Every structure is written in C-alpha cells, then in structure tokens.
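Below is one structure; the comments refer to it alone.
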Amino acid sequence: MTIAVIIPVLNEALGLNRVLSHTCALGFDDIIIVDGGSSDDTCAIVRSFAGRIDTPPSSTSGSMRLLTAPRGRARQLNTGAAASGCEVLLFLHADTLLPPNARQAVVNALSDTACVGGRFDVRFDSPRLSARMISSLMNLRSRCCGIATGDQAIFVRRAVFEKIGRFADIPLMEDIEFTRRLKRVGSLASLRDQVVTAFRRWEQQGPLRTILLMWTLRFLYWIGVSPHWLQHFYRMVR
C-alpha cells in the first residue's frame, strides 16, 4: 500500500523545518508540499529537504516535491492529490506532527476493505489544561458524529477520493464538507494514535473566545450559510 502525505503551506517558515524532518523519517512513499503563494522562506525550506522539485517522483520511497497552486487549502490539497499516484492520500497541516507509527496505523485501518478512510486523535503542543480539554472534546465530537477536521490528519483511499469528487472549492470548512461526503460511502477509522498540533491560534485569541467563534461558524455552516461569507469571520482566528 503506497501512501502520499500532502501538506498545504502558506507562510509556514517558522515551524516547517521540524514538521518536514519529522515526516520524512516516517517511511511514506511520497511527500508533496503545495505552496499557496508564500512570501517568507517557506519554499526555500522545502527545497532544502527535497532532492527533486516540481518533477515526477523517483521510484525510491520517501520522495519529496514542492508544487504551487492558487491560494486556498482545498485547491492546494486537490493539486497535491492530483500529482500523486499513491493508493492512499494523507492530508497534513503544516503545524502538525504525525505519530511515529502513522504509516502502519493507516495500513492497519485500511486493511478492512469496508474502511474508506479515517483520521487520528489530536493533541495540542501545550501543557495547559484548556489545551487538553479542547483536544479531548474535539476527539469525542469527531468519534460520535464521524466528522473530522484537518487538524486530525485525514486520510482516504485515492479511488474513493476521486469517486466522491475531491475537496469542494470553498474557502473554509472543506474538511468538514469532505468527511460528510466520505462517511456516506463507507466506514471511517477514528484512530486513537495522536497527532500533535500547534495551540498558538487558540492562545493568540484566547481559548474560550476561539471555541465560541469556531462553534458559531460551524453552526452557521450546518444551517446553510455560505463558506464564502463565513471566511471573513474565520480570519479572526487564523
């Protein structure tokens, strides 16, 4: 089973070295970084890791490539997916570290032919009680409703990804919209192995304020408010 990791980036120079070095050591077959127009050193950092840029991957495992796409996480993810021929696609945020056994965990989950994809549990890189509470609630909510967010490193069989129409070209909520469609065609694995993601967004705005705003945005999305309208409020917590 071949697995590609797809990482959308936009001005992620601050922590990208750590994420790339960590991900490179996990034995994935293809790592594709898709830049949405960074103005910092993001692309230079990727090039320092990659042996071949913007060319088809070599036959050896662990190849890394840098691609460019119009800004927007959904567009960047779709560009990365289209460039890979791997059987499984794993979508990873640029501030998130996969667990050491991530590759085998995905293989084990997809050994069940009824399973079309899945996600990991999430943990924040902060010892604060609020960080532990928020991540626990995120994991519980996801396990109960079957909906995953990008923070949880969503993975999917490539054939299923193509069948359901890839990520919708919307400015936010692309992860929620995608997993809503994904769970209609098969079962999703809720892995208890944890990814570790940055808590900085929550700390900058305050955990309570960020929670309330995110819940409000998701409620408005569920009742039909356009993501193109909601994106103006989402910038407050980016």
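Just remember, in the structure tokens the first chain shown is A, the second B, etc., residues are 1-based per chain, and ligands are 1-based in the order shown.
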As a PyMOL selection string, please: every residue in range 83-179 of chain A that a backbone DSSP assignment puts in helix (DSSP H, G or I). chain A and resi 83+102-110+129-145+150-152+158-163+174-179
Selection near Lys163 in chain A, 12 Å with only C-alpha atoms, sequence-local residues under 6 positions removed, as a ChimeraX atom specification: /A:116,156-157,178,181-182,184-185
Let me see the file: selected residues, C-alpha atoms, as a PDB file, in the first residue's frame.
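Below is the file that was written, out_27.pdb:
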ATOM      1  CA  VAL A 116     -12.608   4.157   3.075  1.00  0.00           C
ATOM      2  CA  VAL A 156      -8.507   8.378   2.331  1.00  0.00           C
ATOM      3  CA  ARG A 157      -8.188   5.754  -0.377  1.00  0.00           C
ATOM      4  CA  PHE A 178     -15.389  16.391   2.609  1.00  0.00           C
ATOM      5  CA  ARG A 181     -19.481  13.017   1.897  1.00  0.00           C
ATOM      6  CA  LEU A 182     -16.808  10.463   2.724  1.00  0.00           C
ATOM      7  CA  ARG A 184     -21.669   8.169   3.158  1.00  0.00           C
ATOM      8  CA  VAL A 185     -19.646   5.709   1.063  1.00  0.00           C
TER       9      VAL A 185
END
Determine, for each residue of range 141-167 of chain A having at least one atom at most 10 Å from an atom of range 95-106 of chain A, the closest pair of atoms and their separation in Å to one decimal, counting only C-alpha atoms; order by chain and ascending number, as a tab-separated table.
residue	atom	partner	partner_atom	distance
A:Gly150	CA	A:Thr96	CA	9.8
A:Asp151	CA	A:Thr96	CA	7.3
A:Gln152	CA	A:Thr96	CA	8.7
A:Ala153	CA	A:Leu98	CA	7.9
A:Phe155	CA	A:Val106	CA	7.8
A:Val156	CA	A:Val106	CA	9.3
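Of the residues in range 115-163 of chain A, those given strand (DSSP E or B) by DSSP on the backbone are Cys115, Val116, Gly117, Gly118, Arg119, Phe120, Asp121, Val122, Arg123, Phe124, Phe155, Val156 and Arg157 of chain A.
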What does the file look like for those residues with N, CA and C atoms, as a PDB file, in the first residue's frame?
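The resulting file, again.pdb, is shown below:
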ATOM      1  N   CYS A 115     -13.443   0.016   5.123  1.00  0.00           N
ATOM      2  CA  CYS A 115     -12.961   1.310   5.591  1.00  0.00           C
ATOM      3  C   CYS A 115     -12.458   2.117   4.396  1.00  0.00           C
ATOM      4  N   VAL A 116     -12.996   3.325   4.219  1.00  0.00           N
ATOM      5  CA  VAL A 116     -12.608   4.157   3.075  1.00  0.00           C
ATOM      6  C   VAL A 116     -11.592   5.228   3.455  1.00  0.00           C
ATOM      7  N   GLY A 117     -11.427   5.457   4.734  1.00  0.00           N
ATOM      8  CA  GLY A 117     -10.501   6.490   5.192  1.00  0.00           C
ATOM      9  C   GLY A 117     -10.594   6.630   6.699  1.00  0.00           C
ATOM     10  N   GLY A 118     -10.071   7.738   7.190  1.00  0.00           N
ATOM     11  CA  GLY A 118     -10.124   7.944   8.632  1.00  0.00           C
ATOM     12  C   GLY A 118      -9.344   9.165   9.057  1.00  0.00           C
ATOM     13  N   ARG A 119      -9.084   9.211  10.355  1.00  0.00           N
ATOM     14  CA  ARG A 119      -8.345  10.335  10.920  1.00  0.00           C
ATOM     15  C   ARG A 119      -7.717   9.884  12.236  1.00  0.00           C
ATOM     16  N   PHE A 120      -6.821  10.705  12.777  1.00  0.00           N
ATOM     17  CA  PHE A 120      -6.170  10.436  14.049  1.00  0.00           C
ATOM     18  C   PHE A 120      -6.830  11.254  15.155  1.00  0.00           C
ATOM     19  N   ASP A 121      -6.610  10.860  16.389  1.00  0.00           N
ATOM     20  CA  ASP A 121      -6.914  11.742  17.506  1.00  0.00           C
ATOM     21  C   ASP A 121      -5.907  12.884  17.488  1.00  0.00           C
ATOM     22  N   VAL A 122      -6.262  13.998  18.117  1.00  0.00           N
ATOM     23  CA  VAL A 122      -5.397  15.170  18.131  1.00  0.00           C
ATOM     24  C   VAL A 122      -5.015  15.534  19.560  1.00  0.00           C
ATOM     25  N   ARG A 123      -3.803  16.032  19.711  1.00  0.00           N
ATOM     26  CA  ARG A 123      -3.325  16.576  20.987  1.00  0.00           C
ATOM     27  C   ARG A 123      -2.574  17.869  20.684  1.00  0.00           C
ATOM     28  N   PHE A 124      -2.766  18.883  21.519  1.00  0.00           N
ATOM     29  CA  PHE A 124      -2.076  20.151  21.318  1.00  0.00           C
ATOM     30  C   PHE A 124      -0.696  20.133  21.968  1.00  0.00           C
ATOM     31  N   PHE A 155      -7.086  10.841   6.229  1.00  0.00           N
ATOM     32  CA  PHE A 155      -6.540  10.002   5.155  1.00  0.00           C
ATOM     33  C   PHE A 155      -7.676   9.296   4.437  1.00  0.00           C
ATOM     34  N   VAL A 156      -7.443   8.937   3.158  1.00  0.00           N
ATOM     35  CA  VAL A 156      -8.507   8.378   2.331  1.00  0.00           C
ATOM     36  C   VAL A 156      -7.893   7.543   1.212  1.00  0.00           C
ATOM     37  N   ARG A 157      -8.601   6.509   0.811  1.00  0.00           N
ATOM     38  CA  ARG A 157      -8.188   5.754  -0.377  1.00  0.00           C
ATOM     39  C   ARG A 157      -8.304   6.671  -1.594  1.00  0.00           C
TER      40      ARG A 157
END
Shortest contact to Leu90 in chain A, candidates A:Ser48, A:Thr2, A:Ser38, A:Asn139, atoms counted only C-alpha atoms, goes to A:Thr2
Can you work out which one of A:Asn17, A:Arg47, A:Met133, A:Pro171 has the shortest atom-to-atom distance to Gln76 in chain A, counting only C-alpha atoms? A:Pro171
Considering only C-alpha atoms, state which residue in the set A:Asp35, A:Glu174, A:Ala131, A:Leu137 is at the smallest distance from Ile154 in chain A.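 That would be A:Glu174, the residue with the smallest distance to Ile154 in chain A.
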May I have the residues within 12 Å of Gly85 in chain A as number ranges by chain, using only C-alpha atoms and disregarding those fewer than 4 positions away in the same chain? A: 1-5, 29-32, 56-59, 80-81, 89, 157-159, 162
Pick from A:Thr79, A:Phe49, A:Asp40, A:His22: nearest to Pro8 in chain A, with only C-alpha atoms counted? A:Thr79
